[in-house]
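Source file: model24.txt (compact mmCIF, C-alpha atoms)
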# COMPACT_ATOMS: atom_id res chain seq x y z
CA MET A 3 -116.82 -41.71 -2.74
CA THR A 4 -117.05 -37.98 -3.48
CA GLU A 5 -116.81 -36.83 0.15
CA THR A 6 -113.57 -36.82 2.08
CA VAL A 7 -112.94 -40.06 3.94
CA GLU A 8 -113.13 -38.20 7.28
CA THR A 9 -116.77 -37.20 6.68
CA TYR A 10 -118.03 -40.13 4.62
CA ASN A 11 -120.82 -42.32 6.00
CA PHE A 12 -119.51 -45.87 5.67
CA TYR A 13 -122.94 -47.27 6.62
CA PRO A 14 -125.84 -45.53 4.83
CA ALA A 15 -128.31 -47.93 6.48
CA LEU A 16 -127.20 -46.62 9.91
CA GLN A 17 -127.34 -43.20 11.50
CA ARG A 18 -124.03 -41.29 11.50
CA ASN A 19 -123.49 -39.30 14.70
CA VAL A 20 -120.92 -36.71 15.80
CA THR A 21 -121.08 -36.52 19.59
CA PRO A 22 -119.10 -34.13 21.82
CA THR A 23 -117.99 -35.97 24.97
CA ALA A 24 -116.67 -34.98 28.38
CA SER A 25 -113.27 -36.36 27.29
CA GLY A 26 -112.84 -33.59 24.73
CA SER A 27 -113.25 -36.02 21.84
CA LYS A 28 -115.99 -35.57 19.26
CA VAL A 29 -116.86 -39.21 18.70
CA VAL A 30 -118.18 -40.26 15.32
CA SER A 31 -120.35 -43.37 15.40
CA TYR A 32 -122.78 -45.34 13.25
CA THR A 33 -125.85 -46.62 15.06
CA SER A 34 -129.14 -48.42 14.78
CA ASP A 35 -131.69 -48.88 17.56
CA LEU A 36 -134.25 -51.69 17.58
CA GLY A 37 -135.85 -50.04 20.61
CA ASN A 38 -137.59 -51.56 23.63
CA GLY A 39 -134.53 -51.06 25.81
CA GLY A 40 -132.85 -54.10 24.26
CA PRO A 41 -129.12 -54.83 24.23
CA ILE A 42 -126.69 -52.71 22.26
CA LEU A 43 -123.72 -54.39 20.59
CA THR A 44 -120.58 -52.29 20.27
CA LEU A 45 -118.21 -53.01 17.40
CA ILE A 46 -114.88 -51.28 18.10
CA HIS A 47 -112.09 -51.37 15.53
CA GLY A 48 -108.32 -51.56 15.96
CA TYR A 49 -105.05 -50.55 14.29
CA PRO A 50 -104.45 -49.32 11.58
CA GLN A 51 -108.11 -49.24 10.66
CA SER A 52 -111.52 -47.62 11.10
CA ALA A 53 -115.12 -48.66 11.68
CA PHE A 54 -115.18 -49.72 8.03
CA ILE A 55 -113.73 -53.12 9.04
CA TRP A 56 -117.19 -54.26 10.17
CA ARG A 57 -118.74 -53.83 6.69
CA HIS A 58 -119.16 -57.58 6.12
CA LEU A 59 -120.80 -58.18 9.52
CA VAL A 60 -123.21 -55.24 9.73
CA PRO A 61 -125.79 -56.65 7.25
CA LEU A 62 -125.95 -59.87 9.29
CA LEU A 63 -126.22 -58.15 12.68
CA LEU A 64 -128.44 -55.18 11.78
CA PRO A 65 -131.80 -56.98 12.08
CA LYS A 66 -130.80 -58.85 15.24
CA ILE A 67 -129.49 -56.27 17.71
CA SER A 68 -129.03 -52.51 18.18
CA LEU A 69 -125.57 -51.42 17.01
CA PHE A 70 -123.02 -48.84 18.13
CA ILE A 71 -120.00 -48.72 15.80
CA PRO A 72 -117.59 -45.93 16.80
CA GLU A 73 -114.48 -44.47 15.25
CA LEU A 74 -111.62 -44.54 17.75
CA PRO A 75 -110.54 -41.08 18.95
CA GLY A 76 -107.32 -40.00 17.28
CA TYR A 77 -107.60 -42.51 14.43
CA GLY A 78 -108.44 -39.89 11.80
CA ILE A 79 -112.21 -39.43 12.13
CA SER A 80 -113.09 -38.98 15.82
CA THR A 81 -110.97 -36.24 17.40
CA PRO A 82 -108.42 -37.13 20.13
CA ILE A 83 -109.16 -37.45 23.84
CA SER A 84 -108.90 -34.37 26.08
CA ALA A 85 -108.11 -32.09 23.16
CA GLY A 86 -104.86 -33.97 22.69
CA THR A 87 -103.42 -34.27 26.20
CA GLY A 88 -102.08 -37.75 25.51
CA ASP A 89 -104.39 -39.66 27.85
CA HIS A 90 -105.23 -42.30 25.27
CA THR A 91 -105.45 -45.24 27.66
CA LYS A 92 -108.05 -47.88 26.90
CA ARG A 93 -110.04 -46.76 29.94
CA ALA A 94 -110.09 -43.11 28.84
CA VAL A 95 -110.97 -43.96 25.24
CA GLY A 96 -113.53 -46.56 26.29
CA GLN A 97 -115.26 -44.13 28.62
CA ALA A 98 -115.39 -41.54 25.84
CA LEU A 99 -117.03 -44.09 23.55
CA LEU A 100 -119.64 -45.06 26.15
CA ASP A 101 -120.31 -41.40 26.89
CA ALA A 102 -121.14 -40.98 23.20
CA LEU A 103 -123.25 -44.15 23.21
CA ALA A 104 -125.27 -42.96 26.21
CA GLN A 105 -125.99 -39.66 24.50
CA VAL A 106 -126.96 -41.19 21.16
CA PHE A 107 -129.25 -43.79 22.76
CA ASN A 108 -130.45 -41.37 25.44
CA THR A 109 -129.92 -43.90 28.21
CA GLN A 110 -129.95 -41.27 30.96
CA SER A 111 -133.42 -39.92 30.20
CA SER A 112 -135.97 -39.92 33.01
CA SER A 113 -138.01 -42.53 31.11
CA SER A 114 -135.08 -44.97 31.15
CA SER A 115 -135.52 -46.76 34.46
CA SER A 116 -133.58 -49.98 33.87
CA PRO A 117 -129.96 -49.81 32.69
CA ARG A 118 -129.53 -50.42 28.99
CA PRO A 119 -127.67 -53.71 28.49
CA ILE A 120 -124.41 -53.54 26.53
CA ILE A 121 -122.52 -56.35 24.82
CA LEU A 122 -118.96 -55.17 24.28
CA ALA A 123 -117.25 -56.42 21.11
CA GLY A 124 -114.02 -55.33 19.50
CA HIS A 125 -111.02 -56.34 17.42
CA ASP A 126 -107.34 -55.68 18.11
CA ARG A 127 -107.00 -52.37 20.05
CA GLY A 128 -110.80 -52.23 20.18
CA ALA A 129 -110.88 -55.59 21.92
CA ARG A 130 -108.45 -54.25 24.52
CA ILE A 131 -110.82 -51.36 25.17
CA CYS A 132 -113.65 -53.86 25.65
CA HIS A 133 -111.53 -55.93 28.05
CA ARG A 134 -110.69 -52.86 30.14
CA LEU A 135 -114.32 -51.72 30.31
CA ALA A 136 -115.60 -55.20 31.16
CA VAL A 137 -113.23 -55.51 34.12
CA ASP A 138 -114.08 -52.01 35.35
CA ALA A 139 -117.80 -52.67 35.09
CA THR A 140 -118.11 -56.23 36.38
CA ALA A 141 -115.16 -57.15 38.61
CA HIS A 142 -116.04 -57.99 42.21
CA THR A 143 -114.86 -55.63 44.93
CA SER A 144 -114.77 -56.28 48.65
CA SER A 145 -116.16 -52.96 49.82
CA SER A 146 -118.53 -50.31 48.54
CA SER A 147 -115.96 -47.68 49.53
CA HIS A 148 -113.23 -49.39 47.52
CA PRO A 149 -111.55 -47.02 45.00
CA ASP A 150 -112.52 -49.39 42.19
CA GLU A 151 -116.13 -48.32 42.75
CA ASN A 152 -115.25 -45.03 41.05
CA ASN A 153 -114.95 -46.93 37.80
CA LYS A 154 -118.19 -48.85 38.41
CA SER A 155 -120.09 -45.63 39.10
CA PHE A 156 -119.22 -44.43 35.60
CA PHE A 157 -121.48 -47.13 34.15
CA SER A 158 -124.32 -46.56 36.60
CA ASN A 159 -124.21 -42.82 35.94
CA LEU A 160 -124.72 -43.52 32.24
CA ASN A 161 -127.44 -46.08 33.07
CA LEU A 162 -125.56 -48.86 31.29
CA SER A 163 -125.03 -52.49 32.27
CA ILE A 164 -122.29 -54.64 30.69
CA ARG A 165 -123.78 -58.08 30.00
CA ALA A 166 -121.21 -59.86 27.82
CA LEU A 167 -117.83 -59.52 26.13
CA ILE A 168 -116.55 -60.49 22.67
CA MET A 169 -112.84 -60.07 21.85
CA LEU A 170 -111.26 -60.80 18.48
CA ASP A 171 -107.61 -61.84 18.16
CA ILE A 172 -105.96 -60.61 21.33
CA LEU A 173 -104.28 -61.90 24.45
CA PRO A 174 -104.44 -59.81 27.64
CA THR A 175 -102.01 -56.90 27.25
CA LYS A 176 -99.78 -58.01 30.15
CA SER A 177 -99.63 -61.57 28.76
CA GLN A 178 -98.63 -60.30 25.33
CA TRP A 179 -95.75 -58.29 26.80
CA ASP A 180 -94.74 -61.27 28.95
CA LEU A 181 -94.50 -63.43 25.84
CA PHE A 182 -91.97 -61.05 24.32
CA ALA A 183 -89.42 -62.90 26.46
CA SER A 184 -89.47 -65.28 23.47
CA PRO A 185 -87.31 -63.79 20.68
CA SER A 186 -89.40 -65.36 17.93
CA ILE A 187 -92.64 -63.95 19.36
CA SER A 188 -91.15 -60.50 19.97
CA GLN A 189 -89.89 -60.42 16.38
CA SER A 190 -93.46 -60.90 15.14
CA TYR A 191 -94.67 -57.98 17.26
CA GLY A 192 -91.87 -55.48 16.71
CA HIS A 193 -94.42 -52.74 16.01
CA TRP A 194 -95.52 -52.79 19.67
CA PRO A 195 -92.36 -51.28 21.23
CA PHE A 196 -91.68 -49.27 18.06
CA LEU A 197 -95.04 -47.46 18.03
CA ALA A 198 -94.88 -46.94 21.80
CA ASN A 199 -91.91 -44.61 21.21
CA VAL A 200 -94.11 -41.84 19.85
CA GLU A 201 -91.51 -39.19 19.06
CA LEU A 202 -89.42 -41.75 17.17
CA ALA A 203 -92.12 -43.76 15.42
CA ALA A 204 -94.30 -41.01 13.93
CA PRO A 205 -91.56 -39.24 11.92
CA MET A 206 -89.96 -42.54 10.92
CA ILE A 207 -93.26 -43.82 9.49
CA GLN A 208 -93.65 -40.58 7.56
CA ALA A 209 -90.13 -40.92 6.19
CA PHE A 210 -90.67 -44.58 5.31
CA GLY A 211 -93.95 -43.79 3.56
CA ILE A 212 -97.43 -43.98 5.08
CA ASP A 213 -98.81 -45.92 2.14
CA LYS A 214 -96.10 -48.58 2.50
CA TRP A 215 -96.53 -48.69 6.30
CA VAL A 216 -100.30 -49.20 6.27
CA ARG A 217 -100.23 -51.70 3.42
CA GLY A 218 -97.36 -53.54 5.08
CA SER A 219 -99.29 -53.68 8.35
CA TYR A 220 -102.14 -55.37 6.50
CA LEU A 221 -100.16 -57.81 4.42
CA GLY A 222 -97.79 -58.77 7.23
CA GLN A 223 -100.67 -59.95 9.40
CA ALA A 224 -102.94 -61.38 6.73
CA GLY A 225 -103.47 -65.11 6.67
CA SER A 226 -102.24 -67.56 4.05
CA ALA A 227 -105.70 -68.39 2.66
CA THR A 228 -105.84 -67.64 -1.05
CA ASP A 229 -108.67 -65.10 -0.67
CA SER A 230 -107.58 -63.44 2.61
CA ARG A 231 -105.97 -60.47 0.88
CA GLU A 232 -108.92 -60.12 -1.48
CA ARG A 233 -111.29 -59.93 1.50
CA LEU A 234 -109.08 -57.40 3.25
CA MET A 235 -108.83 -55.15 0.22
CA SER A 236 -112.48 -55.34 -0.78
CA ASP A 237 -114.48 -52.11 -1.08
CA GLY A 238 -111.28 -50.07 -1.16
CA ALA A 239 -110.75 -50.55 2.58
CA VAL A 240 -106.96 -50.34 2.49
CA GLU A 241 -107.12 -47.09 0.52
CA VAL A 242 -109.53 -45.67 3.12
CA HIS A 243 -107.10 -46.41 5.93
CA VAL A 244 -104.08 -45.10 4.03
CA LYS A 245 -105.97 -41.82 3.59
CA LEU A 246 -106.77 -41.60 7.30
CA PHE A 247 -103.14 -42.19 8.27
CA GLU A 248 -101.83 -39.49 5.94
CA SER A 249 -102.48 -37.01 8.74
CA GLY A 250 -99.56 -36.42 11.07
CA GLU A 251 -102.06 -36.14 13.91
CA THR A 252 -103.40 -39.62 13.21
CA LEU A 253 -99.88 -41.03 13.26
CA ARG A 254 -99.18 -39.35 16.57
CA TRP A 255 -102.35 -40.36 18.40
CA THR A 256 -102.32 -43.94 17.19
CA CYS A 257 -98.78 -44.15 18.55
CA GLU A 258 -100.06 -42.71 21.84
CA ASP A 259 -102.44 -45.67 21.93
CA TYR A 260 -99.47 -48.06 21.86
CA LYS A 261 -97.54 -45.95 24.37
CA ALA A 262 -100.39 -46.31 26.87
CA GLY A 263 -100.41 -50.04 26.19
CA ALA A 264 -96.71 -50.28 27.01
CA GLN A 265 -96.87 -48.43 30.30
CA ARG A 266 -100.01 -47.58 32.21
CA GLU A 267 -102.18 -50.40 30.95
CA VAL A 268 -99.74 -53.12 31.93
CA ASP A 269 -99.56 -51.63 35.42
CA GLU A 270 -103.36 -51.53 35.55
CA GLN A 271 -103.60 -55.21 34.69
CA VAL A 272 -100.94 -56.12 37.26
CA GLU A 273 -103.05 -54.29 39.83
CA ASP A 274 -106.19 -56.07 38.61
CA LEU A 275 -104.51 -59.43 39.15
CA ARG A 276 -103.26 -58.42 42.59
CA LYS A 277 -106.77 -57.47 43.66
CA GLY A 278 -108.46 -60.43 41.97
CA ARG A 279 -110.36 -58.17 39.57
CA ARG A 280 -111.50 -60.20 36.57
CA VAL A 281 -114.12 -60.28 33.84
CA GLU A 282 -117.36 -61.48 35.41
CA VAL A 283 -119.66 -61.73 32.37
CA PRO A 284 -119.97 -64.39 29.62
CA THR A 285 -117.04 -64.00 27.25
CA LEU A 286 -116.28 -65.11 23.70
CA VAL A 287 -112.68 -64.95 22.43
CA MET A 288 -111.92 -65.70 18.78
CA PHE A 289 -108.38 -65.78 17.44
CA SER A 290 -106.39 -66.61 14.33
CA ARG A 291 -104.84 -69.99 14.93
CA GLU A 292 -102.28 -69.29 12.22
CA LYS A 293 -101.17 -65.86 13.46
CA LEU A 294 -101.90 -65.25 17.16
CA GLY A 295 -101.94 -68.98 17.83
CA ARG A 296 -98.69 -69.41 15.90
CA GLY A 297 -100.02 -72.44 14.06
CA GLY A 298 -100.85 -74.19 17.33
CA GLY A 299 -97.57 -73.29 19.00
CA LEU A 300 -99.23 -70.88 21.45
CA ASP A 301 -102.03 -72.02 23.76
CA VAL A 302 -104.26 -68.95 23.50
CA GLU A 303 -107.12 -70.60 25.36
CA GLY A 304 -104.78 -71.66 28.16
CA VAL A 305 -103.55 -68.08 28.57
CA TRP A 306 -107.09 -66.73 28.88
CA ARG A 307 -108.08 -69.48 31.30
CA GLY A 308 -105.02 -68.87 33.47
CA VAL A 309 -103.60 -72.38 33.11
CA VAL A 310 -100.58 -71.36 31.03
CA VAL A 311 -97.57 -69.48 32.35
CA THR A 312 -96.45 -66.65 30.06
CA GLY A 313 -93.12 -64.86 30.11
CA LYS A 314 -90.91 -67.87 29.32
CA GLY A 315 -87.88 -67.47 27.10
CA GLU A 316 -87.11 -69.19 23.82
CA GLY A 317 -87.44 -72.93 24.13
CA GLU A 318 -89.08 -72.66 27.55
CA GLY A 319 -92.67 -73.13 26.55
CA GLU A 320 -93.43 -69.88 24.71
CA GLY A 321 -96.85 -69.67 26.31
CA ASN A 322 -97.55 -73.38 26.49
CA GLU A 323 -96.12 -74.32 29.90
CA LYS A 324 -98.95 -75.55 32.08
CA GLY A 325 -99.14 -74.18 35.57
CA LYS A 326 -100.72 -71.42 37.57
CA GLY A 327 -100.95 -68.54 35.14
CA ASP A 328 -102.64 -65.17 35.41
CA LYS A 329 -106.39 -65.54 35.88
CA TRP A 330 -108.41 -63.20 33.66
CA VAL A 331 -111.98 -64.49 33.94
CA GLY A 332 -113.89 -65.09 37.16
CA ASP A 333 -114.59 -68.53 38.60
CA GLY A 334 -117.67 -70.10 37.07
CA VAL A 335 -117.96 -67.44 34.37
CA GLU A 336 -118.65 -68.76 30.89
CA LEU A 337 -115.60 -68.45 28.64
CA GLU A 338 -115.60 -69.74 25.07
CA VAL A 339 -112.31 -69.57 23.12
CA VAL A 340 -112.42 -70.33 19.39
CA GLY A 341 -109.39 -70.73 17.15
CA VAL A 342 -110.22 -69.74 13.56
CA GLU A 343 -108.71 -72.19 11.09
CA GLY A 344 -108.35 -72.16 7.33
CA GLY A 345 -105.40 -69.82 6.98
CA ARG A 346 -107.24 -66.76 8.27
CA GLY A 347 -105.01 -64.08 9.75
CA HIS A 348 -105.26 -61.27 12.28
CA PHE A 349 -107.98 -59.24 10.58
CA LEU A 350 -110.81 -61.61 11.47
CA PRO A 351 -113.76 -59.22 10.86
CA GLU A 352 -112.70 -59.06 7.21
CA GLU A 353 -110.76 -62.25 6.48
CA ALA A 354 -113.08 -64.57 8.42
CA TYR A 355 -116.33 -62.58 8.52
CA ASP A 356 -118.37 -65.69 7.72
CA VAL A 357 -116.94 -67.68 10.65
CA VAL A 358 -116.99 -64.69 13.00
CA GLY A 359 -120.55 -63.82 12.04
CA GLU A 360 -121.81 -67.34 12.68
CA ARG A 361 -120.11 -67.56 16.09
CA VAL A 362 -121.19 -64.10 17.21
CA VAL A 363 -124.82 -64.76 16.26
CA ARG A 364 -124.69 -68.07 18.14
CA PHE A 365 -123.26 -66.27 21.17
CA LEU A 366 -125.96 -63.57 21.02
CA GLU A 367 -128.68 -66.23 20.90
CA ARG A 368 -127.83 -67.11 24.50
CA PHE A 369 -129.24 -63.70 25.42
CA GLY A 370 -132.50 -64.29 23.59
CA LEU A 371 -131.46 -62.40 20.45

Now that the file is in, can you turn its structure into structure tokens?
Amino acid sequence: MTETVETYNFYPALQRNVTPTASGSKVVSYTSDLGNGGPILTLIHGYPQSAFIWRHLVPLLLPKISLFIPELPGYGISTPISAGTGDHTKRAVGQALLDALAQVFNTQSSSSSSPRPIILAGHDRGARICHRLAVDATAHTSSSSHPDENNKSFFSNLNLSIRALIMLDILPTKSQWDLFASPSISQSYGHWPFLANVELAAPMIQAFGIDKWVRGSYLGQAGSATDSRERLMSDGAVEVHVKLFESGETLRWTCEDYKAGAQREVDEQVEDLRKGRRVEVPTLVMFSREKLGRGGGLDVEGVWRGVVVTGKGEGEGEGNEKGKGDKWVGDGVELEVVGVEGGRGHFLPEEAYDVVGERVVRFLERFGL
């Protein structure tokens, strides 16, 4: 790799785009278009990573579906939202990404009569972006004059239609914070409140050592399978992400991501629940049974289906108490939840790319792909 990591094309078989957006972010993305107005699959990465995490899945997916693989604004390659105003909520970032997608695929051209179908897929923070966008685009509202229609109009203005949702290794943001009532769970996710304190976290990570922080973030969440670390570190991926995080700006804006997740985004999901706004498209959730599922101690599927009460303290269920929980997916909407076995950890697109690839392809086949 002779170019700097910020300008390198991770996917020579795809087109690399740099797209100015209304958000102020210049979004870098890697794309392929099979044409004929067919579905586009987004692959959105999380923390502390880049679009390079999809390297094992792209060869499998490239001949099957059009791809849009963006770099998250503020994560070292795409520039921050709103020229750095701090509005790095999942809605703001997600809208910036879809703005870039619409421009690259020219979905608003006069020849594009039908909306271009989108299948949202992401991992970690990217999955949270997909969740936010899917609710905004598909949730039922009681009136055409309802304020929520402002979010829906964003998609129609871009001539996009959200058809399905794929989320890798997350719980809903509100549920995850609720579960921190358990000391053992909160201990495993100490980086959430830490990173949300931007002015504290960024200089402390620099003082600790960015290389140690990024590598520790990987190894602390990797699974116990003998080849999990080898898969994670293949192709120099960890070195790529260490390089990206060497910038003080990257440290700051990735912390802003967590700050938004600790404040505004929880309030948004509380409001969603109050209004009955849910995901209303077929959804696939895959999670690490060893890590997120805590070896079977946390009922991830029950949380997503709304049959498990979160927010219990230590010894009071820890996310396994049956009851009337928060409902995240609409009645009658297809929801498939798959726990990945075999000692695979949080970084499913790399550690479990074979299992993820098989399941994603099977899910896409339901849409004729």

I'd like the contact shell of Ala15 in chain A - 12 Å cut-off, all atoms listed in the file, skipping same-chain residues fewer than 6 positions apart - returned as a ChimeraX atom specification. /A:32-35,57,60-61,64-65,69

Among A:Asp301, A:Glu248, A:Asp138, A:Asp229, Gly345 in chain A is approached most closely, using all atoms listed in the file, by A:Asp229

Is it possible to get the residues within 12 Å of (-129.2, -40.7, 33.2) (coordinates as in the file, counting only C-alpha atoms) written as a ChimeraX atom specification? /A:101,104-105,107-118,155-162

One decimal, in Å: what's the spacing between CA of Gln97 in chain A and CA of Val244 in chain A? 27.0 Å

Please indicate the distance in Å from CA of Ala183 in chain A to CA of Ala198 in chain A, rounded to one decimal place. 17.5 Å

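Residues with any atom within 9 Å of Val20 in chain A, counting only C-alpha atoms and excluding same-chain neighbours fewer than 2 positions away, are A:Arg18, A:Pro22, A:Lys28, A:Val29, A:Val30, A:Ser31, A:Ser80, A:Ala102.
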
For those residues, write C-alpha atoms to a file as a PDB file, keeping the file's coordinate frame.
ATOM      1  CA  ARG A  18    -124.030 -41.290  11.500  1.00  0.00           C
ATOM      2  CA  PRO A  22    -119.100 -34.130  21.820  1.00  0.00           C
ATOM      3  CA  LYS A  28    -115.990 -35.570  19.260  1.00  0.00           C
ATOM      4  CA  VAL A  29    -116.860 -39.210  18.700  1.00  0.00           C
ATOM      5  CA  VAL A  30    -118.180 -40.260  15.320  1.00  0.00           C
ATOM      6  CA  SER A  31    -120.350 -43.370  15.400  1.00  0.00           C
ATOM      7  CA  SER A  80    -113.090 -38.980  15.820  1.00  0.00           C
ATOM      8  CA  ALA A 102    -121.140 -40.980  23.200  1.00  0.00           C
TER       9      ALA A 102
END

Point-to-point distance from CA of Leu371 in chain A to CA of Ser68 in chain A, Å rounded to tenths: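 The value is 10.4 Å.
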
With only C-alpha atoms as the basis for distance, which of A:Gln51, A:Ser177, A:Ser236, A:Ser190 is at the shortest distance from Gly263 in chain A?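 Looking only at the distances to Gly263 in chain A, the closest residue turns out to be A:Ser177.
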
If we count all atoms listed in the file and set the cut-off at 9 Å, which residues sit around Asn199 in chain A, ignoring sequence neighbours fewer than 5 positions away in its own chain? Please answer as a ChimeraX atom specification. /A:204,257-258,260-261

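For Ile79 in chain A, the non-local neighbours within 9 Å, defined as residues at least 2 positions apart in the same chain or in other chains and counting only C-alpha atoms, are Val7, Glu8, Thr9, Lys28, Val29, Val30, Ser52, Glu73, Leu74, Pro75, Gly76, Tyr77, Thr81, Leu246 and Thr252 of chain A.
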
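All residues of protein, DNA or RNA that reach within 10 Å of Leu62 in chain A, judged by all atoms listed in the file and not counting those fewer than 5 positions away in the chain, are A:Arg57, A:Ile67, A:Asp356, A:Gly359, A:Glu360, A:Val363.
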
Near range 281-284 of chain A, 8 Å: range 87-188 of chain A residue rows, closest pairs, only C-alpha atoms, as CSV:
residue,atom,partner,partner_atom,distance
A:His133,CA,A:Val281,CA,7.7
A:Ala136,CA,A:Val281,CA,5.9
A:Val137,CA,A:Val281,CA,4.9
A:Thr140,CA,A:Glu282,CA,5.4
A:Ala141,CA,A:Val281,CA,5.8
A:His142,CA,A:Glu282,CA,7.8
A:Ile164,CA,A:Val283,CA,7.7
A:Arg165,CA,A:Val283,CA,6.0
A:Ala166,CA,A:Pro284,CA,5.0
A:Leu167,CA,A:Pro284,CA,6.4

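Among the candidates A:Leu294, A:Val216, A:Ile71, A:Ile121, the residue lying nearest to Tyr191 in chain A is A:Leu294 (atoms considered: only C-alpha atoms).
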
Best match for closeness to Gln223 in chain A among A:Arg307, A:Ser184, A:Val342, A:Ser290, counting only C-alpha atoms: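 That would be A:Ser290, the residue with the smallest distance to Gln223 in chain A.
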
Taking into account all atoms listed in the file, which residue in the set A:Val106, A:Thr285, A:Ala354, A:Gly295 is nearest to Arg368 in chain A?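 Smallest distance to Arg368 in chain A is found for A:Thr285.
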
Can you patch up range 128-134 of chain A, filling it in to all heavy atoms, and show the result as a PDB file, in the coordinates of the input?
ATOM      1  N   GLY A 128    -109.416 -52.330  19.728  1.00  0.00           N
ATOM      2  CA  GLY A 128    -110.800 -52.230  20.180  1.00  0.00           C
ATOM      3  C   GLY A 128    -111.170 -53.307  21.164  1.00  0.00           C
ATOM      4  O   GLY A 128    -111.931 -53.073  22.114  1.00  0.00           O
ATOM      5  N   ALA A 129    -110.634 -54.507  20.973  1.00  0.00           N
ATOM      6  CA  ALA A 129    -110.880 -55.590  21.920  1.00  0.00           C
ATOM      7  C   ALA A 129    -110.248 -55.294  23.266  1.00  0.00           C
ATOM      8  O   ALA A 129    -110.785 -55.660  24.320  1.00  0.00           O
ATOM      9  CB  ALA A 129    -110.361 -56.918  21.361  1.00  0.00           C
ATOM     10  N   ARG A 130    -109.101 -54.631  23.256  1.00  0.00           N
ATOM     11  CA  ARG A 130    -108.450 -54.250  24.520  1.00  0.00           C
ATOM     12  C   ARG A 130    -109.267 -53.205  25.270  1.00  0.00           C
ATOM     13  O   ARG A 130    -109.328 -53.218  26.510  1.00  0.00           O
ATOM     14  CB  ARG A 130    -107.030 -53.755  24.245  1.00  0.00           C
ATOM     15  CG  ARG A 130    -106.174 -54.818  23.625  1.00  0.00           C
ATOM     16  CD  ARG A 130    -104.718 -54.443  23.425  1.00  0.00           C
ATOM     17  NE  ARG A 130    -104.082 -55.484  22.609  1.00  0.00           N
ATOM     18  CZ  ARG A 130    -103.742 -56.690  23.073  1.00  0.00           C
ATOM     19  NH1 ARG A 130    -103.914 -56.984  24.350  1.00  0.00           N
ATOM     20  NH2 ARG A 130    -103.208 -57.590  22.264  1.00  0.00           N
ATOM     21  N   ILE A 131    -109.896 -52.312  24.540  1.00  0.00           N
ATOM     22  CA  ILE A 131    -110.820 -51.360  25.170  1.00  0.00           C
ATOM     23  C   ILE A 131    -111.966 -52.113  25.826  1.00  0.00           C
ATOM     24  O   ILE A 131    -112.341 -51.838  26.974  1.00  0.00           O
ATOM     25  CB  ILE A 131    -111.349 -50.362  24.127  1.00  0.00           C
ATOM     26  CG1 ILE A 131    -110.222 -49.422  23.675  1.00  0.00           C
ATOM     27  CG2 ILE A 131    -112.525 -49.561  24.668  1.00  0.00           C
ATOM     28  CD1 ILE A 131    -110.578 -48.556  22.481  1.00  0.00           C
ATOM     29  N   CYS A 132    -112.527 -53.071  25.104  1.00  0.00           N
ATOM     30  CA  CYS A 132    -113.650 -53.860  25.650  1.00  0.00           C
ATOM     31  C   CYS A 132    -113.221 -54.617  26.905  1.00  0.00           C
ATOM     32  O   CYS A 132    -113.980 -54.695  27.887  1.00  0.00           O
ATOM     33  CB  CYS A 132    -114.176 -54.814  24.598  1.00  0.00           C
ATOM     34  SG  CYS A 132    -114.951 -54.003  23.179  1.00  0.00           S
ATOM     35  N   HIS A 133    -112.032 -55.199  26.883  1.00  0.00           N
ATOM     36  CA  HIS A 133    -111.530 -55.930  28.050  1.00  0.00           C
ATOM     37  C   HIS A 133    -111.426 -55.007  29.258  1.00  0.00           C
ATOM     38  O   HIS A 133    -111.886 -55.345  30.363  1.00  0.00           O
ATOM     39  CB  HIS A 133    -110.162 -56.530  27.712  1.00  0.00           C
ATOM     40  CG  HIS A 133    -109.612 -57.415  28.785  1.00  0.00           C
ATOM     41  ND1 HIS A 133    -108.264 -57.690  28.924  1.00  0.00           N
ATOM     42  CD2 HIS A 133    -110.222 -58.091  29.801  1.00  0.00           C
ATOM     43  CE1 HIS A 133    -108.074 -58.498  29.947  1.00  0.00           C
ATOM     44  NE2 HIS A 133    -109.243 -58.752  30.504  1.00  0.00           N
ATOM     45  N   ARG A 134    -110.845 -53.820  29.037  1.00  0.00           N
ATOM     46  CA  ARG A 134    -110.690 -52.860  30.140  1.00  0.00           C
ATOM     47  C   ARG A 134    -112.054 -52.472  30.721  1.00  0.00           C
ATOM     48  O   ARG A 134    -112.260 -52.441  31.940  1.00  0.00           O
ATOM     49  CB  ARG A 134    -109.950 -51.627  29.639  1.00  0.00           C
ATOM     50  CG  ARG A 134    -109.753 -50.496  30.640  1.00  0.00           C
ATOM     51  CD  ARG A 134    -108.748 -50.864  31.704  1.00  0.00           C
ATOM     52  NE  ARG A 134    -109.370 -51.482  32.871  1.00  0.00           N
ATOM     53  CZ  ARG A 134    -108.711 -52.222  33.740  1.00  0.00           C
ATOM     54  NH1 ARG A 134    -107.423 -52.490  33.565  1.00  0.00           N
ATOM     55  NH2 ARG A 134    -109.334 -52.744  34.779  1.00  0.00           N
TER      56      ARG A 134
END
